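Step one of this worksheet: look at the structure below.
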Amino acid sequence: MQPILEVDSLKVVLQTKQRTIHAVNNVTFHVRTGETVGLVGESGSGKSITCRSILQLLPTPQGKVVGGGIRFAGKDLLSYSKKQMQELRGREIGMVLQDPMSSLDPVYRVGEQLVETLRTHTKISKKDAWQKAVELLRLVGIPSPEKRVHDYPHQMSGGMRQRVMIALAICCDPKLLLADEPTTALDVTVQDQVLSLMKEIQQRLGMAILIVTHNLGVVAEMCDRVVVLYAGKVMETAATSDLFQTPRHAYTLGLIHSVPRIESEEKLEGIPGTLPDMSHAIKCCPFRERCSFATSECSFDEHTQLKEVAPGHWSACFHHERVCTQA
Amino acid sequence: MEILRVHFILQRLIQLIPVVFGISIVSFLIIHLIPGDPASIMLGSRATPENVQQLTAQMGLDKPLYDQYLIFLQNLVQGDLGKSILLKQSVNTLISERLGTTFFLVMYASVLSLLVSIPIALWSAMKKDSLLDNGFRTLSIFGLAMPSFWIGILLMLLFSIKIKLFPVSGYGKNFIGHLYYLFLPALTITCSLAPVLVRPLRSKIINVFSSEYIEAARARGLKEHQIILNHVLRNAISGTVTILGVNIGWLLGGSIVIETIFSVPGLGQLLINSILSRDYPIIQGLVLVFAILVIVVNLLTDLCYAWLDPRVDLE
């Protein structure tokens, strides 16, 4: 199927007076219609920046796309004007942010915020928009929506507010939903509800989802395919089941081992060390200093390029075969 | 919700009674501490002690202080602030004739200050640390540091005498006339009030701009002007309302000076003249009216705040 979103060799820098951070280096991936793709990585791996650069919502004035391309439904988003971009946001691409407690304007009723968004993107009367707002709240599973539509955000719980955020993101039937850590700020029982809600809505509307997370549990539950990011580079990308069963990158293996298992008596293995300095573009495997597989080849750019190591399974690890047998 | 609000207002109005009572005692005592008495001021320096004594007795000022206070209180309960010693007119009429003028000036100055402050704060916030921002900052400090009587005289020199754009003094006959005549006095107050409003509003706007709900609003594809007007300003303005409310009391005091400079026939002028002639009933009445005004404005501020921010609980 034709990809709805193609990110090709994307390069993003964050520029401050003191230094330049190469936050995203040559990131390439795609999302197909109706598919859910996970963008996984630890803090600072560039996953959120990648996600935000799709909507040109990088922090101003520091963030800047310096190379590569982003194509959505065949159109080059980087060439879009401010106005074109504003019209695209919320209509073609919806976005759910991390913290529902602070993502809704506190001084407006949730209904007003839905109506405002609907009326920005579609020609619809106020009365019909309110009707639609109630319908949307019902769709995202808010009980007695005709009453809650008049609530202020502070009168709702975190889970409810994230449902409202989802309603806001999908109110114009977008083709793609970007979810930036949508469950990180929620407690565990609510996380599950919000994830199933997103799946349900995806099936109903047939949209694609790009979900940014550091939580492998979310990936396992939600995603068809996974893109593993580290220090702004794609380490590995594969179908979710492939990735969990036969990881082909030392970093992915480390990530999987870092997830605590309740039945296991073993001591939890973390990944020693921290992210490398990103103030210059890294021209080798960025993980090699923390990697137990590392050899001299890992310092060369040509050995650490993303390549297809199995059908539909791409890895940037020189030692992918050794990793595969260890897993 | 409505019942809650009415309950809140009633409660605050009931609290007004002891406050007014307390203020009446304090102001009564302080006024009588001012050296000099109305009789000798009225009669001038050539009056004999007998004349003075006679007039004092005539005005009922020879009675013990507590007696005088009780008479005052008795009248006050009936809504009567007494009679002016010098002007021989009811204090009620004297004050009510001028209250509107002062109130108009204060409101005019407040609105003008908001009209000036909001765009400047917004502009400074959006161009944070630019030349423009720093320019406005310097200007604010200048406005704060200069005494208002000096600014008033400068404005008068510039706009009334050099350019002849606005009148030197007066009040005008109708609403448009008031707006025209009081423009310079209001502008003078604005020069010292706007800086007080701009700085906090600027930092609040910067704060709101970087908040997640503004990012979320952008991600929803709202237009930039929609975001600024409906979301950024709406969230930033509530703090300004509080600051303005607190400053109204100070404004009432400040208007005394301004009214004197521009000869505006308001409460300020009345107050100054009464103090100079030791016209006790008028001073007394004015202090009370000012106090009640400040309290009522504070109540209005609270209501306004609750209306602007639904998270504020009036209880």
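Labels for the structure tokens follow display order: chains A, B, ..., residues from 1 in each chain, ligands from 1.
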Please provide the set of residues having any atom within 12 Å of B:Gly249, restricted to only C-alpha atoms, with same-chain residues fewer than 2 positions apart removed, written as a PDB file with C-alpha atoms, in the first residue's frame.
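That gives us out.pdb:
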```
ATOM      1  CA  PHE B 103     -15.077  58.140  38.798  1.00  0.00           C
ATOM      2  CA  VAL B 106     -10.372  56.954  37.069  1.00  0.00           C
ATOM      3  CA  SER B 110      -7.869  52.591  33.583  1.00  0.00           C
ATOM      4  CA  ILE B 243      -3.183  44.503  39.559  1.00  0.00           C
ATOM      5  CA  LEU B 244      -5.498  47.143  38.145  1.00  0.00           C
ATOM      6  CA  GLY B 245      -8.011  46.517  40.933  1.00  0.00           C
ATOM      7  CA  VAL B 246      -5.386  46.895  43.633  1.00  0.00           C
ATOM      8  CA  ASN B 247      -4.183  50.091  41.995  1.00  0.00           C
ATOM      9  CA  LEU B 251      -5.467  55.917  41.531  1.00  0.00           C
ATOM     10  CA  LEU B 252      -8.165  57.633  43.588  1.00  0.00           C
ATOM     11  CA  GLY B 253      -5.428  59.171  45.700  1.00  0.00           C
ATOM     12  CA  GLY B 254      -3.372  60.011  42.628  1.00  0.00           C
ATOM     13  CA  SER B 255      -6.303  61.665  40.933  1.00  0.00           C
ATOM     14  CA  ILE B 256      -6.281  64.341  43.666  1.00  0.00           C
ATOM     15  CA  VAL B 287     -12.627  59.589  53.479  1.00  0.00           C
ATOM     16  CA  VAL B 289     -16.589  57.533  50.231  1.00  0.00           C
ATOM     17  CA  PHE B 290     -13.031  56.744  49.143  1.00  0.00           C
ATOM     18  CA  ALA B 291     -12.901  53.793  51.514  1.00  0.00           C
ATOM     19  CA  ILE B 292     -16.198  52.392  50.265  1.00  0.00           C
ATOM     20  CA  LEU B 293     -15.103  52.884  46.654  1.00  0.00           C
ATOM     21  CA  VAL B 294     -11.890  50.958  47.248  1.00  0.00           C
ATOM     22  CA  ILE B 295     -13.762  48.107  48.874  1.00  0.00           C
ATOM     23  CA  VAL B 296     -16.381  47.962  46.131  1.00  0.00           C
ATOM     24  CA  VAL B 297     -13.697  48.030  43.427  1.00  0.00           C
ATOM     25  CA  ASN B 298     -11.915  45.163  45.145  1.00  0.00           C
TER      26      ASN B 298
END
```
As a PDB file with C-alpha atoms, in the first residue's frame, please: the residues near stretch 261-266 of chain A (cut-off 12 Å, only C-alpha atoms, same-chain neighbours under 4 positions excluded).
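Saved file part-v3.pdb follows:
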```pdb
ATOM      1  CA  GLY A 217       4.740  -2.160  26.252  1.00  0.00           C
ATOM      2  CA  ILE A 256      14.280  -5.216  25.397  1.00  0.00           C
ATOM      3  CA  HIS A 257      16.475  -6.401  28.254  1.00  0.00           C
TER       4      HIS A 257
END
```
Pick from A:Lys283, A:Arg32, A:Lys11, A:Lys82, whichever lies nearest to A:Gln56 using only C-alpha atoms
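Between A:Lys283, A:Arg32, A:Lys11, A:Lys82, the residue approaching A:Gln56 most closely is A:Lys82.
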With only C-alpha atoms as the counted atoms, please give the residues lying no more than 10 Å from stretch 299-310 of chain A, apart from itself and same-chain residues fewer than 3 positions off, as a ChimeraX atom specification.
/A:27-28,233-238,242,248,282-289,294-296,313-321
Convert the current residue selection to file output with C-alpha atoms, as a PDB file, in the first residue's frame.
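Dumped to again26.pdb:
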```pdb
ATOM      1  CA  VAL A  27      16.067   9.608   9.739  1.00  0.00           C
ATOM      2  CA  THR A  28      14.122   7.653   7.144  1.00  0.00           C
ATOM      3  CA  LYS A 233      19.591   7.989  14.000  1.00  0.00           C
ATOM      4  CA  VAL A 234      17.451   5.034  13.001  1.00  0.00           C
ATOM      5  CA  MET A 235      18.987   1.920  14.535  1.00  0.00           C
ATOM      6  CA  GLU A 236      16.493  -0.647  13.420  1.00  0.00           C
ATOM      7  CA  THR A 237      13.092  -0.884  11.834  1.00  0.00           C
ATOM      8  CA  ALA A 238      10.948  -3.976  11.531  1.00  0.00           C
ATOM      9  CA  ASP A 242       9.991  -9.540  14.314  1.00  0.00           C
ATOM     10  CA  ARG A 248      18.951  -7.299  14.953  1.00  0.00           C
ATOM     11  CA  ILE A 282      27.953  11.546  14.421  1.00  0.00           C
ATOM     12  CA  LYS A 283      29.561   9.622  11.555  1.00  0.00           C
ATOM     13  CA  CYS A 284      29.632   6.144  13.046  1.00  0.00           C
ATOM     14  CA  CYS A 285      27.456   3.957  15.231  1.00  0.00           C
ATOM     15  CA  PRO A 286      26.404   6.330  18.038  1.00  0.00           C
ATOM     16  CA  PHE A 287      25.809   3.383  20.346  1.00  0.00           C
ATOM     17  CA  ARG A 288      29.287   1.826  20.093  1.00  0.00           C
ATOM     18  CA  GLU A 289      30.587   3.338  23.354  1.00  0.00           C
ATOM     19  CA  ALA A 294      31.361  -3.092  19.623  1.00  0.00           C
ATOM     20  CA  THR A 295      34.460  -3.664  17.481  1.00  0.00           C
ATOM     21  CA  SER A 296      36.617  -1.348  15.376  1.00  0.00           C
ATOM     22  CA  HIS A 313      13.826  -5.885   8.616  1.00  0.00           C
ATOM     23  CA  TRP A 314      16.364  -3.069   8.498  1.00  0.00           C
ATOM     24  CA  SER A 315      19.270  -2.643  10.873  1.00  0.00           C
ATOM     25  CA  ALA A 316      22.239  -0.313  11.176  1.00  0.00           C
ATOM     26  CA  CYS A 317      24.210  -2.758  13.314  1.00  0.00           C
ATOM     27  CA  PHE A 318      27.415  -4.272  11.917  1.00  0.00           C
ATOM     28  CA  HIS A 319      27.007  -7.197  14.321  1.00  0.00           C
ATOM     29  CA  HIS A 320      23.349  -7.865  13.524  1.00  0.00           C
ATOM     30  CA  GLU A 321      23.939 -11.585  13.048  1.00  0.00           C
TER      31      GLU A 321
END
```
Show me, as a ChimeraX atom specification, the residues of chain A whose atoms get within 9 Å of chain B, using only C-alpha atoms for the distance check.
/A:55,57,83,85-91,93-97,99,102-108,116-117,120-121,152,154-155,165,168-169
Okay, now the selection with C-alpha atoms, as a JSON list (two decimals), in the first residue's frame?
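This is the output file out34.json:
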```json
[["chain", "number", "residue", "atom", "x", "y", "z"],
["A", 55, "LEU", "CA", 3.85, 19.50, 11.54],
["A", 57, "LEU", "CA", 6.02, 22.64, 15.29],
["A", 83, "LYS", "CA", -0.77, 29.24, 5.99],
["A", 85, "MET", "CA", 0.70, 24.26, 7.14],
["A", 86, "GLN", "CA", -1.85, 25.82, 9.49],
["A", 87, "GLU", "CA", -4.67, 24.51, 7.30],
["A", 88, "LEU", "CA", -3.14, 21.05, 7.25],
["A", 89, "ARG", "CA", -2.73, 20.78, 11.00],
["A", 90, "GLY", "CA", -5.79, 19.41, 12.68],
["A", 91, "ARG", "CA", -7.51, 18.70, 9.37],
["A", 93, "ILE", "CA", -2.89, 15.44, 10.46],
["A", 94, "GLY", "CA", -4.08, 15.40, 14.06],
["A", 95, "MET", "CA", -1.79, 15.44, 17.05],
["A", 96, "VAL", "CA", -2.13, 14.26, 20.63],
["A", 97, "LEU", "CA", 0.38, 15.65, 23.11],
["A", 99, "ASP", "CA", 0.32, 15.85, 29.08],
["A", 102, "SER", "CA", -1.86, 21.09, 30.48],
["A", 103, "SER", "CA", -2.82, 20.63, 26.82],
["A", 104, "LEU", "CA", -6.32, 22.05, 27.10],
["A", 105, "ASP", "CA", -6.90, 25.76, 27.48],
["A", 106, "PRO", "CA", -8.09, 26.13, 31.10],
["A", 107, "VAL", "CA", -10.45, 29.05, 30.48],
["A", 108, "TYR", "CA", -12.65, 27.47, 27.82],
["A", 116, "GLU", "CA", -13.43, 26.35, 17.66],
["A", 117, "THR", "CA", -11.34, 23.65, 15.98],
["A", 120, "THR", "CA", -11.57, 26.68, 11.84],
["A", 121, "HIS", "CA", -11.36, 23.79, 9.41],
["A", 152, "TYR", "CA", -14.16, 23.09, 31.93],
["A", 154, "HIS", "CA", -10.28, 21.28, 35.37],
["A", 155, "GLN", "CA", -13.56, 19.51, 36.04],
["A", 165, "MET", "CA", -7.48, 15.65, 23.31],
["A", 168, "LEU", "CA", -9.84, 17.33, 19.24],
["A", 169, "ALA", "CA", -7.18, 15.59, 17.17]]
```
Run DSSP on the backbone and tell me which residues of stretch 99-240 of chain A come out as strand (DSSP E); list them as a count of residues only.
24
Give me, as a list of chain:residue names, all polymer residues having an atom no more than 8 Å from stretch 190-194 of chain A, counting only C-alpha atoms and skipping those fewer than 5 positions away in the same chain.
A:Gly159, A:Gln162, A:Arg163, A:Thr183, A:Thr184
As a PyMOL selection string, please: every residue in stretch 57-119 of chain B that a backbone DSSP assignment puts in alpha helix (DSSP H).
chain B and resi 57-58+65-77+91-119
Name the residues in contact with A:Ile201 at a cut-off of 12 Å, using only C-alpha atoms, excluding same-chain residues fewer than 3 positions from it; report them as a ChimeraX atom specification.
/A:34,136,138-141,163,166-167,169-171,173-177,194-198,204-209
Residue nearest A:Gln15 among A:Val218, A:Pro143, A:His280, A:Val188 (counting only C-alpha atoms):
A:His280
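Restricting the calculation to only C-alpha atoms, the smallest distance between A:Ala73 and any of A:Cys298, A:Val7, A:Leu58, A:Ala133 is found for A:Val7.
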